[in-house]
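Below is upload-v1.cif, holding mmCIF, C-alpha atoms.
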data_protein
#
loop_
_atom_site.label_atom_id
_atom_site.label_comp_id
_atom_site.auth_asym_id
_atom_site.auth_seq_id
_atom_site.Cartn_x
_atom_site.Cartn_y
_atom_site.Cartn_z
CA MET A 1 -34.90 -30.16 25.54
CA SER A 2 -33.57 -29.61 22.02
CA ALA A 3 -32.23 -32.64 20.16
CA GLN A 4 -28.56 -33.41 20.66
CA ARG A 5 -26.26 -33.70 17.67
CA VAL A 6 -24.44 -37.04 17.48
CA VAL A 7 -20.92 -37.67 16.22
CA VAL A 8 -18.58 -40.61 15.64
CA THR A 9 -15.38 -40.36 17.67
CA GLY A 10 -13.97 -43.88 17.44
CA MET A 11 -14.12 -47.00 15.27
CA GLY A 12 -12.82 -50.55 15.41
CA ALA A 13 -13.00 -53.43 12.96
CA VAL A 14 -12.20 -57.09 12.49
CA THR A 15 -13.02 -58.18 8.93
CA PRO A 16 -12.06 -60.50 6.09
CA ILE A 17 -9.82 -57.73 4.70
CA GLY A 18 -8.21 -56.40 7.85
CA ASN A 19 -8.31 -56.61 11.62
CA ASP A 20 -8.05 -52.91 12.38
CA VAL A 21 -9.66 -49.83 10.86
CA PRO A 22 -6.66 -48.43 8.93
CA THR A 23 -5.94 -51.81 7.30
CA PHE A 24 -9.60 -52.43 6.58
CA LEU A 25 -10.04 -49.03 4.91
CA ASP A 26 -6.75 -49.27 2.98
CA HIS A 27 -7.73 -52.66 1.58
CA LEU A 28 -11.32 -51.56 0.96
CA MET A 29 -10.28 -48.57 -1.13
CA ALA A 30 -7.74 -50.70 -3.00
CA GLY A 31 -10.37 -53.28 -3.93
CA LYS A 32 -8.69 -56.14 -2.04
CA LEU A 33 -10.60 -59.42 -2.11
CA GLY A 34 -11.20 -61.06 1.27
CA ILE A 35 -13.14 -63.99 -0.17
CA ALA A 36 -11.23 -67.27 -0.35
CA PRO A 37 -11.70 -71.05 0.01
CA ILE A 38 -13.15 -72.10 3.36
CA THR A 39 -10.43 -73.29 5.75
CA LYS A 40 -12.36 -73.74 9.03
CA PHE A 41 -13.92 -77.05 8.01
CA ASP A 42 -14.57 -79.26 5.00
CA ALA A 43 -17.56 -77.66 3.29
CA SER A 44 -17.47 -79.79 0.16
CA GLN A 45 -20.71 -81.64 0.92
CA THR A 46 -22.62 -78.35 0.99
CA GLY A 47 -21.57 -77.44 -2.54
CA VAL A 48 -20.22 -74.14 -1.18
CA THR A 49 -16.47 -73.58 -1.07
CA MET A 50 -15.99 -69.81 -0.58
CA ALA A 51 -16.36 -67.55 2.46
CA GLY A 52 -15.12 -64.25 3.83
CA GLU A 53 -13.17 -65.63 6.78
CA VAL A 54 -11.30 -63.40 9.22
CA LYS A 55 -7.60 -64.12 8.71
CA ASP A 56 -4.59 -64.06 11.04
CA PHE A 57 -6.79 -63.22 14.00
CA GLU A 58 -5.14 -63.16 17.41
CA ALA A 59 -7.83 -62.30 19.93
CA THR A 60 -5.37 -61.85 22.77
CA LYS A 61 -3.85 -58.78 21.11
CA ARG A 62 -6.78 -56.90 22.64
CA VAL A 63 -8.94 -59.35 24.61
CA ASP A 64 -7.67 -61.08 27.74
CA ARG A 65 -6.93 -64.75 27.24
CA LYS A 66 -9.50 -66.06 29.73
CA THR A 67 -12.37 -64.05 28.24
CA ALA A 68 -11.42 -65.05 24.69
CA LYS A 69 -11.23 -68.73 25.64
CA ARG A 70 -14.56 -68.74 27.47
CA SER A 71 -16.61 -66.68 24.96
CA ASP A 72 -18.23 -67.41 21.65
CA LEU A 73 -16.35 -65.91 18.73
CA PHE A 74 -19.07 -63.35 17.98
CA SER A 75 -18.55 -61.84 21.46
CA THR A 76 -14.78 -61.90 21.01
CA TYR A 77 -15.14 -60.02 17.72
CA ALA A 78 -17.30 -57.47 19.52
CA LEU A 79 -14.75 -56.92 22.27
CA TYR A 80 -11.81 -56.85 19.87
CA SER A 81 -13.34 -54.13 17.69
CA ALA A 82 -14.64 -52.14 20.67
CA TYR A 83 -11.22 -51.94 22.32
CA GLU A 84 -9.85 -50.38 19.13
CA ALA A 85 -12.80 -48.00 18.89
CA MET A 86 -12.50 -46.81 22.49
CA ALA A 87 -8.76 -46.26 22.08
CA MET A 88 -9.35 -44.27 18.88
CA ALA A 89 -11.95 -42.18 20.71
CA GLY A 90 -9.47 -41.53 23.51
CA LEU A 91 -11.93 -42.75 26.10
CA ASP A 92 -11.21 -44.57 29.33
CA GLN A 93 -13.09 -44.95 32.58
CA GLU A 94 -12.10 -41.42 33.58
CA GLY A 95 -13.27 -39.94 30.28
CA VAL A 96 -16.97 -40.66 30.70
CA ASP A 97 -19.36 -41.15 33.59
CA PRO A 98 -20.21 -44.88 33.64
CA GLU A 99 -23.89 -44.05 34.13
CA ASN A 100 -23.80 -42.05 30.89
CA LEU A 101 -22.00 -44.74 28.87
CA GLY A 102 -24.20 -47.33 27.14
CA VAL A 103 -24.02 -50.27 24.75
CA ILE A 104 -26.37 -51.04 21.84
CA TRP A 105 -25.07 -53.99 19.82
CA GLY A 106 -26.38 -56.00 16.90
CA SER A 107 -26.06 -59.61 15.77
CA GLY A 108 -28.24 -61.67 13.51
CA ILE A 109 -27.57 -65.12 14.96
CA GLY A 110 -25.24 -64.78 17.96
CA GLY A 111 -23.36 -67.78 19.32
CA LEU A 112 -23.94 -70.18 16.47
CA THR A 113 -20.57 -71.91 16.87
CA THR A 114 -21.37 -72.60 20.53
CA ILE A 115 -24.81 -73.92 19.61
CA GLN A 116 -23.36 -76.22 16.97
CA GLU A 117 -20.62 -77.57 19.23
CA GLN A 118 -22.86 -78.19 22.22
CA VAL A 119 -25.69 -79.84 20.27
CA ILE A 120 -23.15 -82.23 18.77
CA LYS A 121 -21.71 -82.92 22.23
CA MET A 122 -25.16 -83.58 23.68
CA HIS A 123 -26.02 -85.92 20.80
CA GLU A 124 -22.76 -87.85 21.02
CA LYS A 125 -22.09 -87.84 24.77
CA GLY A 126 -25.39 -87.07 26.46
CA PRO A 127 -26.93 -84.03 28.15
CA GLY A 128 -24.62 -84.29 31.15
CA ARG A 129 -21.71 -83.19 28.99
CA VAL A 130 -23.26 -79.91 27.83
CA SER A 131 -21.10 -76.99 28.94
CA PRO A 132 -22.41 -74.77 31.75
CA LEU A 133 -21.37 -71.87 29.50
CA PHE A 134 -23.65 -73.02 26.68
CA VAL A 135 -26.47 -70.60 27.45
CA PRO A 136 -24.41 -67.49 28.29
CA ASN A 137 -22.17 -68.01 25.26
CA SER A 138 -24.93 -68.63 22.74
CA ILE A 139 -27.51 -65.94 23.57
CA ILE A 140 -27.37 -62.89 21.34
CA ASN A 141 -27.35 -60.31 24.11
CA MET A 142 -24.07 -61.59 25.54
CA ALA A 143 -21.87 -59.49 23.25
CA ALA A 144 -23.57 -56.41 24.69
CA GLY A 145 -23.13 -57.89 28.17
CA HIS A 146 -19.41 -58.44 27.64
CA LEU A 147 -18.97 -54.90 26.33
CA SER A 148 -20.86 -53.41 29.26
CA ILE A 149 -18.68 -55.30 31.74
CA ALA A 150 -15.41 -54.59 29.92
CA PHE A 151 -15.98 -50.84 29.75
CA ASN A 152 -18.03 -50.36 32.95
CA ALA A 153 -20.94 -49.09 30.87
CA LYS A 154 -23.85 -48.64 33.26
CA ASN A 155 -26.34 -46.83 31.03
CA THR A 156 -28.52 -48.85 28.65
CA SER A 157 -27.26 -52.24 27.42
CA GLN A 158 -29.26 -53.60 24.50
CA ALA A 159 -29.04 -56.33 21.87
CA ILE A 160 -30.68 -55.67 18.50
CA VAL A 161 -31.72 -58.60 16.30
CA THR A 162 -33.13 -57.80 12.86
CA ALA A 163 -31.22 -60.32 10.74
CA CYS A 164 -28.90 -58.55 8.28
CA ALA A 165 -30.14 -55.14 9.41
CA SER A 166 -29.11 -55.75 13.04
CA ALA A 167 -25.98 -53.60 13.26
CA THR A 168 -27.53 -50.73 11.30
CA ASN A 169 -30.58 -50.77 13.55
CA ALA A 170 -28.26 -50.88 16.57
CA ILE A 171 -26.33 -47.82 15.37
CA GLY A 172 -29.57 -46.06 14.46
CA ASN A 173 -31.08 -46.80 17.87
CA ALA A 174 -27.91 -45.52 19.53
CA PHE A 175 -28.18 -42.34 17.46
CA GLU A 176 -31.78 -41.78 18.52
CA TYR A 177 -30.97 -42.57 22.17
CA LEU A 178 -28.18 -39.99 22.22
CA LYS A 179 -30.29 -37.43 20.38
CA GLN A 180 -32.77 -37.62 23.22
CA GLY A 181 -30.03 -36.86 25.76
CA LYS A 182 -30.36 -40.21 27.54
CA ALA A 183 -26.60 -40.86 27.49
CA ASP A 184 -23.35 -39.14 26.58
CA VAL A 185 -21.58 -42.02 24.81
CA ILE A 186 -22.72 -45.33 23.35
CA ILE A 187 -20.62 -48.23 22.11
CA THR A 188 -22.49 -49.61 19.12
CA GLY A 189 -22.04 -51.81 16.07
CA GLY A 190 -22.38 -55.52 15.42
CA SER A 191 -20.59 -58.85 15.19
CA GLU A 192 -21.21 -62.24 13.63
CA ALA A 193 -19.39 -65.59 13.61
CA SER A 194 -21.44 -67.91 11.41
CA VAL A 195 -18.80 -69.38 9.10
CA ASN A 196 -19.25 -72.91 10.43
CA GLU A 197 -20.89 -76.11 9.27
CA ILE A 198 -24.44 -75.29 10.27
CA GLY A 199 -24.19 -71.69 9.06
CA ILE A 200 -22.97 -72.64 5.60
CA ALA A 201 -25.29 -75.65 5.36
CA GLY A 202 -28.32 -73.63 6.42
CA PHE A 203 -27.85 -70.83 3.92
CA ALA A 204 -26.87 -73.33 1.24
CA ALA A 205 -30.17 -75.13 1.83
CA LEU A 206 -31.93 -71.82 1.14
CA THR A 207 -30.01 -71.67 -2.18
CA ALA A 208 -28.86 -68.23 -1.05
CA LEU A 209 -25.10 -68.81 -1.30
CA SER A 210 -22.86 -68.56 -4.33
CA ARG A 211 -21.44 -71.89 -5.44
CA ALA A 212 -18.64 -70.32 -7.45
CA THR A 213 -15.20 -71.89 -7.03
CA ASP A 214 -13.27 -68.82 -8.17
CA PRO A 215 -13.04 -66.18 -5.41
CA ALA A 216 -13.15 -63.39 -7.99
CA GLN A 217 -16.44 -64.72 -9.36
CA ALA A 218 -18.13 -65.53 -6.06
CA SER A 219 -19.65 -62.21 -4.93
CA LEU A 220 -20.85 -60.07 -7.85
CA PRO A 221 -23.09 -57.25 -6.60
CA PHE A 222 -25.24 -55.69 -9.34
CA ASP A 223 -23.68 -57.91 -12.03
CA VAL A 224 -25.94 -59.76 -14.44
CA HIS A 225 -24.10 -62.99 -13.56
CA ARG A 226 -24.53 -62.68 -9.77
CA ASN A 227 -25.48 -66.02 -8.24
CA GLY A 228 -25.83 -65.59 -4.49
CA PHE A 229 -24.00 -64.13 -1.54
CA VAL A 230 -20.79 -65.24 0.15
CA LEU A 231 -20.97 -65.70 3.91
CA GLY A 232 -18.56 -63.51 5.87
CA GLU A 233 -17.64 -63.02 9.52
CA GLY A 234 -16.25 -60.35 11.83
CA GLY A 235 -17.51 -57.20 13.44
CA ALA A 236 -17.09 -53.47 13.90
CA ALA A 237 -17.67 -50.95 16.66
CA LEU A 238 -18.44 -47.25 16.51
CA ILE A 239 -18.27 -44.85 19.42
CA LEU A 240 -21.20 -42.47 19.14
CA GLU A 241 -21.16 -39.42 21.34
CA THR A 242 -23.19 -36.27 21.76
CA LEU A 243 -21.46 -33.36 20.11
CA THR A 244 -21.62 -31.46 23.40
CA HIS A 245 -19.74 -34.20 25.25
CA ALA A 246 -17.21 -34.69 22.45
CA VAL A 247 -16.39 -30.97 22.22
CA LYS A 248 -16.14 -30.63 25.99
CA ARG A 249 -13.44 -33.28 26.19
CA GLY A 250 -11.66 -32.17 22.99
CA ALA A 251 -12.39 -35.34 21.03
CA HIS A 252 -11.43 -35.73 17.38
CA ILE A 253 -14.67 -36.00 15.41
CA LEU A 254 -14.63 -38.50 12.55
CA ALA A 255 -18.11 -37.82 11.12
CA GLU A 256 -21.61 -36.86 12.19
CA VAL A 257 -24.63 -39.17 12.22
CA VAL A 258 -27.48 -37.08 10.86
CA GLY A 259 -30.28 -39.46 9.89
CA TYR A 260 -31.81 -42.88 10.43
CA GLY A 261 -34.60 -44.72 8.65
CA SER A 262 -36.27 -47.98 9.64
CA THR A 263 -39.18 -49.67 7.86
CA SER A 264 -40.66 -53.08 7.17
CA ASP A 265 -41.56 -54.66 3.83
CA ALA A 266 -44.32 -56.74 5.45
CA TYR A 267 -43.95 -58.96 2.40
CA HIS A 268 -42.09 -62.29 2.86
CA ILE A 269 -39.87 -64.05 5.42
CA THR A 270 -36.80 -64.17 3.13
CA ALA A 271 -37.52 -62.32 -0.13
CA PRO A 272 -37.49 -58.53 -0.33
CA ASP A 273 -40.44 -56.64 -1.75
CA PRO A 274 -39.49 -56.66 -5.46
CA THR A 275 -40.62 -53.05 -5.82
CA GLY A 276 -38.11 -51.90 -3.19
CA ALA A 277 -40.77 -49.66 -1.64
CA GLY A 278 -39.74 -50.35 1.95
CA ALA A 279 -36.08 -49.74 1.18
CA GLN A 280 -36.97 -46.48 -0.55
CA ARG A 281 -39.00 -45.29 2.44
CA ALA A 282 -36.15 -46.09 4.84
CA MET A 283 -33.69 -44.12 2.73
CA ALA A 284 -36.17 -41.26 2.46
CA GLN A 285 -36.62 -41.23 6.25
CA ALA A 286 -32.87 -40.98 6.80
CA VAL A 287 -32.54 -38.17 4.26
CA THR A 288 -35.46 -36.26 5.76
CA GLU A 289 -34.15 -36.56 9.31
CA ALA A 290 -30.78 -35.30 8.08
CA GLY A 291 -32.52 -32.14 6.89
CA ILE A 292 -31.30 -32.57 3.33
CA THR A 293 -32.70 -33.63 -0.03
CA PRO A 294 -31.77 -36.63 -2.19
CA ALA A 295 -29.74 -34.26 -4.37
CA ASP A 296 -27.41 -33.66 -1.41
CA VAL A 297 -26.43 -37.33 -1.07
CA ASP A 298 -23.16 -38.17 -2.79
CA TYR A 299 -22.72 -41.88 -1.99
CA VAL A 300 -24.80 -44.91 -1.04
CA ASN A 301 -23.13 -47.96 0.45
CA ALA A 302 -25.69 -50.47 -0.79
CA HIS A 303 -26.80 -53.63 0.95
CA GLY A 304 -25.97 -55.28 -2.39
CA THR A 305 -25.79 -58.95 -1.42
CA ALA A 306 -25.26 -60.21 -5.00
CA THR A 307 -28.55 -62.10 -4.97
CA LYS A 308 -30.91 -61.60 -7.88
CA ALA A 309 -33.84 -60.35 -5.83
CA ASN A 310 -32.01 -58.02 -3.43
CA ASP A 311 -29.85 -56.15 -5.91
CA SER A 312 -32.59 -55.38 -8.39
CA ALA A 313 -35.09 -54.28 -5.73
CA GLU A 314 -32.53 -52.07 -3.98
CA ALA A 315 -31.28 -50.55 -7.22
CA GLN A 316 -34.81 -49.71 -8.28
CA ALA A 317 -35.43 -48.07 -4.89
CA ILE A 318 -32.26 -45.98 -5.20
CA HIS A 319 -33.14 -45.03 -8.76
CA ARG A 320 -36.64 -43.90 -7.78
CA LEU A 321 -35.54 -41.92 -4.73
CA PHE A 322 -32.68 -40.11 -6.37
CA GLY A 323 -34.32 -39.77 -9.76
CA ALA A 324 -32.37 -37.40 -11.94
CA ALA A 325 -29.60 -37.05 -9.35
CA ARG A 326 -27.26 -39.30 -11.32
CA HIS A 327 -24.30 -37.93 -9.37
CA VAL A 328 -25.19 -40.36 -6.58
CA LEU A 329 -22.55 -43.08 -6.61
CA VAL A 330 -23.30 -46.58 -5.35
CA SER A 331 -21.21 -49.57 -4.32
CA SER A 332 -21.61 -52.76 -2.37
CA THR A 333 -18.50 -53.63 -0.38
CA LYS A 334 -19.74 -57.22 -0.06
CA GLY A 335 -17.89 -57.94 -3.30
CA MET A 336 -14.74 -57.80 -1.12
CA THR A 337 -15.86 -58.88 2.35
CA GLY A 338 -18.75 -61.21 1.68
CA HIS A 339 -21.92 -60.75 3.71
CA LEU A 340 -21.39 -60.49 7.47
CA LEU A 341 -25.13 -60.89 8.18
CA GLY A 342 -25.94 -58.98 11.38
CA ALA A 343 -22.48 -57.36 11.42
CA ALA A 344 -22.61 -56.14 7.81
CA GLY A 345 -24.07 -52.76 8.66
CA ALA A 346 -21.32 -52.12 11.20
CA ILE A 347 -18.36 -52.60 8.87
CA GLU A 348 -20.26 -50.74 6.15
CA ALA A 349 -20.86 -47.82 8.51
CA VAL A 350 -17.10 -47.76 9.10
CA ALA A 351 -16.67 -47.78 5.32
CA CYS A 352 -18.95 -44.74 4.99
CA VAL A 353 -17.17 -42.80 7.72
CA GLY A 354 -13.84 -43.75 6.15
CA ALA A 355 -15.06 -42.53 2.76
CA LEU A 356 -16.07 -39.19 4.26
CA GLN A 357 -12.72 -38.83 5.99
CA ARG A 358 -10.57 -39.88 3.05
CA GLN A 359 -12.75 -38.36 0.33
CA GLU A 360 -12.43 -41.67 -1.43
CA LEU A 361 -15.14 -44.23 -2.21
CA PRO A 362 -14.88 -48.02 -2.16
CA MET A 363 -15.29 -49.48 -5.63
CA ASN A 364 -18.01 -51.97 -6.55
CA VAL A 365 -15.69 -54.96 -6.90
CA GLY A 366 -17.12 -57.95 -8.74
CA VAL A 367 -19.09 -56.27 -11.51
CA SER A 368 -18.02 -56.68 -15.12
CA ASP A 369 -21.44 -56.70 -16.80
CA GLN A 370 -23.90 -54.51 -14.90
CA ASP A 371 -27.44 -55.82 -14.87
CA PRO A 372 -29.78 -53.42 -16.71
CA GLU A 373 -32.33 -54.16 -13.97
CA CYS A 374 -29.94 -52.39 -11.56
CA PRO A 375 -29.98 -48.79 -12.89
CA VAL A 376 -27.48 -47.15 -10.53
CA THR A 377 -24.15 -45.42 -11.10
CA LEU A 378 -21.52 -47.70 -9.60
CA VAL A 379 -18.23 -46.63 -8.07
CA ASN A 380 -15.23 -47.57 -10.19
CA ALA A 381 -11.57 -46.59 -10.48
CA GLU A 382 -12.46 -43.48 -12.50
CA ASN A 383 -14.98 -41.93 -10.10
CA GLN A 384 -13.93 -43.20 -6.67
CA HIS A 385 -12.23 -39.89 -5.77
CA THR A 386 -15.44 -37.89 -6.17
CA PRO A 387 -15.91 -35.43 -3.27
CA VAL A 388 -18.43 -36.68 -0.74
CA ARG A 389 -20.24 -34.77 2.00
CA TYR A 390 -23.24 -37.01 2.75
CA ALA A 391 -23.31 -40.82 2.60
CA LEU A 392 -26.01 -43.40 3.23
CA SER A 393 -25.48 -46.93 4.51
CA ASN A 394 -28.22 -49.45 3.61
CA SER A 395 -28.99 -52.75 5.36
CA PHE A 396 -31.93 -55.06 4.70
CA GLY A 397 -32.74 -58.29 6.50
CA PHE A 398 -34.81 -61.46 6.27
CA GLY A 399 -38.26 -60.74 7.59
CA GLY A 400 -38.46 -57.47 5.68
CA HIS A 401 -36.33 -55.30 7.98
CA ASN A 402 -34.95 -52.16 6.30
CA ALA A 403 -32.48 -49.85 8.03
CA VAL A 404 -30.56 -46.86 6.68
CA LEU A 405 -28.05 -44.47 8.25
CA ALA A 406 -27.07 -41.02 6.97
CA PHE A 407 -23.58 -39.71 7.74
CA LYS A 408 -22.16 -36.22 7.19
CA LYS A 409 -18.53 -35.26 6.71
CA ALA A 410 -17.07 -33.73 9.86
CA SER A 411 -16.78 -29.95 9.77
CA ASP A 412 -13.31 -28.63 8.99
#

Could you render the structure from this file as structure tokens?
Amino acid sequence: MSAQRVVVTGMGAVTPIGNDVPTFLDHLMAGKLGIAPITKFDASQTGVTMAGEVKDFEATKRVDRKTAKRSDLFSTYALYSAYEAMAMAGLDQEGVDPENLGVIWGSGIGGLTTIQEQVIKMHEKGPGRVSPLFVPNSIINMAAGHLSIAFNAKNTSQAIVTACASATNAIGNAFEYLKQGKADVIITGGSEASVNEIGIAGFAALTALSRATDPAQASLPFDVHRNGFVLGEGGAALILETLTHAVKRGAHILAEVVGYGSTSDAYHITAPDPTGAGAQRAMAQAVTEAGITPADVDYVNAHGTATKANDSAEAQAIHRLFGAARHVLVSSTKGMTGHLLGAAGAIEAVACVGALQRQELPMNVGVSDQDPECPVTLVNAENQHTPVRYALSNSFGFGGHNAVLAFKKASD
């Protein structure tokens, strides 16, 4: 059997800069800042005051009240974004055979809010007061479980956990699964809800978070003054479909997924390989599978966390792979959204597809003095309308996980 081509036919998003795809993309292209003082709890003792919180979120606009009340927020974000994506794709239970509809979903931590709340309850009130929903709400696979139940998806149902590469690995695995003809449609993406006391305190203890008190100075990807990442929350869903199935039902195609790379640094549990070799190999794999050369790539949505180690290693990897191809434009959208951990790759995949559709690139917000150790050409107001046909989306996670997706502009 020849490999199936795979396309994107629907997207959904809940993010710090918008709770639907059109708003998210409008704000992304306009450089809107979603980073602000933490409102969910008093974080002052951690020394961290900024986060990319989801704002004005009403789960019951798309998720039934009972499910929203009884689920961890990371599962609610998954459902909320997936309902939008399925509607955009024009899919319902009559539009796809349930046995050919699957779910592959990513999250780095899963139900952290549930874990925090129930451990506190056990400590204060005893083990008899722990909720019977503690386990099903906290385990990482439950977002995939909720999605499978909500959409009657009876093909594969998987949860991917590779830290900050989780959603990108999930989308990449969905791409490979569809290429092999094992399903017609897969709901994929990622969600995260870690803006809580233990989430902020844990990353603060690693000295990974920015301690800036000015939102505009908190997340500075590729800037010489970058001082750590800003924790974000939310999620995004993509509907991936075989081209054959999409054409047969007359679906509107948003973009094509053409390549996927996945490697390991095998270097350190939190620090990236400073040479960026693993990141470079993952990008090269995605480019090769796409059947193109580095010179064909127009845009890279970088992982770009605004930490010293990540940005320099990734920039060096991009510089080595693309060499003289200085037309390749780079930006990290985390300057606007913060870092959504396991969900980052999902909203950044939506950003790439949106860039291909709109022929407009998101700017690298937060840079005023580019670090010479980051030799890449950043997207700014002057070059953000550069035509783009191929885009890469990079995600790298603790433990050395590297994942890269290659997207192609939909044919006219």

Practice task
Just say which residues the PyMOL selection byres ((chain A and resi 47-59) around 8) picks in this file, as number ranges by chain.
Solution key: A: 14-19, 34-38, 43-46, 60-65, 68, 76-77, 80, 195, 200, 204, 209-213, 215, 218, 230-234, 337-339

Using C-alpha atoms, can you write the selected residues to a file as an mmCIF file, in the coordinates of the input?
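What follows is the written file out-v4.cif:
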data_model
loop_
_atom_site.group_PDB
_atom_site.id
_atom_site.type_symbol
_atom_site.label_atom_id
_atom_site.label_comp_id
_atom_site.auth_asym_id
_atom_site.auth_seq_id
_atom_site.Cartn_x
_atom_site.Cartn_y
_atom_site.Cartn_z
ATOM 1 C CA VAL A 14 -12.200 -57.090 12.490
ATOM 2 C CA THR A 15 -13.020 -58.180 8.930
ATOM 3 C CA PRO A 16 -12.060 -60.500 6.090
ATOM 4 C CA ILE A 17 -9.820 -57.730 4.700
ATOM 5 C CA GLY A 18 -8.210 -56.400 7.850
ATOM 6 C CA ASN A 19 -8.310 -56.610 11.620
ATOM 7 C CA GLY A 34 -11.200 -61.060 1.270
ATOM 8 C CA ILE A 35 -13.140 -63.990 -0.170
ATOM 9 C CA ALA A 36 -11.230 -67.270 -0.350
ATOM 10 C CA PRO A 37 -11.700 -71.050 0.010
ATOM 11 C CA ILE A 38 -13.150 -72.100 3.360
ATOM 12 C CA ALA A 43 -17.560 -77.660 3.290
ATOM 13 C CA SER A 44 -17.470 -79.790 0.160
ATOM 14 C CA GLN A 45 -20.710 -81.640 0.920
ATOM 15 C CA THR A 46 -22.620 -78.350 0.990
ATOM 16 C CA THR A 60 -5.370 -61.850 22.770
ATOM 17 C CA LYS A 61 -3.850 -58.780 21.110
ATOM 18 C CA ARG A 62 -6.780 -56.900 22.640
ATOM 19 C CA VAL A 63 -8.940 -59.350 24.610
ATOM 20 C CA ASP A 64 -7.670 -61.080 27.740
ATOM 21 C CA ARG A 65 -6.930 -64.750 27.240
ATOM 22 C CA ALA A 68 -11.420 -65.050 24.690
ATOM 23 C CA THR A 76 -14.780 -61.900 21.010
ATOM 24 C CA TYR A 77 -15.140 -60.020 17.720
ATOM 25 C CA TYR A 80 -11.810 -56.850 19.870
ATOM 26 C CA VAL A 195 -18.800 -69.380 9.100
ATOM 27 C CA ILE A 200 -22.970 -72.640 5.600
ATOM 28 C CA ALA A 204 -26.870 -73.330 1.240
ATOM 29 C CA LEU A 209 -25.100 -68.810 -1.300
ATOM 30 C CA SER A 210 -22.860 -68.560 -4.330
ATOM 31 C CA ARG A 211 -21.440 -71.890 -5.440
ATOM 32 C CA ALA A 212 -18.640 -70.320 -7.450
ATOM 33 C CA THR A 213 -15.200 -71.890 -7.030
ATOM 34 C CA PRO A 215 -13.040 -66.180 -5.410
ATOM 35 C CA ALA A 218 -18.130 -65.530 -6.060
ATOM 36 C CA VAL A 230 -20.790 -65.240 0.150
ATOM 37 C CA LEU A 231 -20.970 -65.700 3.910
ATOM 38 C CA GLY A 232 -18.560 -63.510 5.870
ATOM 39 C CA GLU A 233 -17.640 -63.020 9.520
ATOM 40 C CA GLY A 234 -16.250 -60.350 11.830
ATOM 41 C CA THR A 337 -15.860 -58.880 2.350
ATOM 42 C CA GLY A 338 -18.750 -61.210 1.680
ATOM 43 C CA HIS A 339 -21.920 -60.750 3.710
#

Practice task
Return as a PyMOL selection string the set of residues that the PyMOL selection byres ((chain A and resi 327) around 12) yields on the displayed structure.
Solution key: chain A and resi 294-300+319+322-326+328-330+376-379+383-384+386-388

Atoms kept (C-alpha atoms) for selection, written as a PDB file, keeping the file's coordinate frame:
ATOM      1  CA  PRO A 294     -31.770 -36.630  -2.190  1.00  0.00           C
ATOM      2  CA  ALA A 295     -29.740 -34.260  -4.370  1.00  0.00           C
ATOM      3  CA  ASP A 296     -27.410 -33.660  -1.410  1.00  0.00           C
ATOM      4  CA  VAL A 297     -26.430 -37.330  -1.070  1.00  0.00           C
ATOM      5  CA  ASP A 298     -23.160 -38.170  -2.790  1.00  0.00           C
ATOM      6  CA  TYR A 299     -22.720 -41.880  -1.990  1.00  0.00           C
ATOM      7  CA  VAL A 300     -24.800 -44.910  -1.040  1.00  0.00           C
ATOM      8  CA  HIS A 319     -33.140 -45.030  -8.760  1.00  0.00           C
ATOM      9  CA  PHE A 322     -32.680 -40.110  -6.370  1.00  0.00           C
ATOM     10  CA  GLY A 323     -34.320 -39.770  -9.760  1.00  0.00           C
ATOM     11  CA  ALA A 324     -32.370 -37.400 -11.940  1.00  0.00           C
ATOM     12  CA  ALA A 325     -29.600 -37.050  -9.350  1.00  0.00           C
ATOM     13  CA  ARG A 326     -27.260 -39.300 -11.320  1.00  0.00           C
ATOM     14  CA  VAL A 328     -25.190 -40.360  -6.580  1.00  0.00           C
ATOM     15  CA  LEU A 329     -22.550 -43.080  -6.610  1.00  0.00           C
ATOM     16  CA  VAL A 330     -23.300 -46.580  -5.350  1.00  0.00           C
ATOM     17  CA  VAL A 376     -27.480 -47.150 -10.530  1.00  0.00           C
ATOM     18  CA  THR A 377     -24.150 -45.420 -11.100  1.00  0.00           C
ATOM     19  CA  LEU A 378     -21.520 -47.700  -9.600  1.00  0.00           C
ATOM     20  CA  VAL A 379     -18.230 -46.630  -8.070  1.00  0.00           C
ATOM     21  CA  ASN A 383     -14.980 -41.930 -10.100  1.00  0.00           C
ATOM     22  CA  GLN A 384     -13.930 -43.200  -6.670  1.00  0.00           C
ATOM     23  CA  THR A 386     -15.440 -37.890  -6.170  1.00  0.00           C
ATOM     24  CA  PRO A 387     -15.910 -35.430  -3.270  1.00  0.00           C
ATOM     25  CA  VAL A 388     -18.430 -36.680  -0.740  1.00  0.00           C
TER      26      VAL A 388
END

Problem - Point-to-point distance from atom CA of A:Ala30 to atom CA of A:Gly235, Å rounded to tenths - result: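 These atoms are spaced 20.2 Å apart.
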
Practice task
Would you please work out which residue, of A:Arg358, A:His268, A:Arg226, A:Lys69, is nearest to A:Ser312 when using all atoms listed in the file?
Solution key: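 Of the candidates, the smallest distance to A:Ser312 is held by A:Arg226.
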
Exercise for the section: Can you work out which one of A:Pro375, A:Gly399, A:Gly291, A:Gly181 has the shortest atom-to-atom distance to A:Ala3, counting only C-alpha atoms? Expected result: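 Answer, going by the shortest atom-to-atom distance: A:Gly181.
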
Practice task
Taking the file above as input, evaluate the PyMOL selection byres ((chain A and resi 148) around 10) and report the hits as a PyMOL selection string.
Solution key: chain A and resi 79+98+101-104+142-147+149-158+187
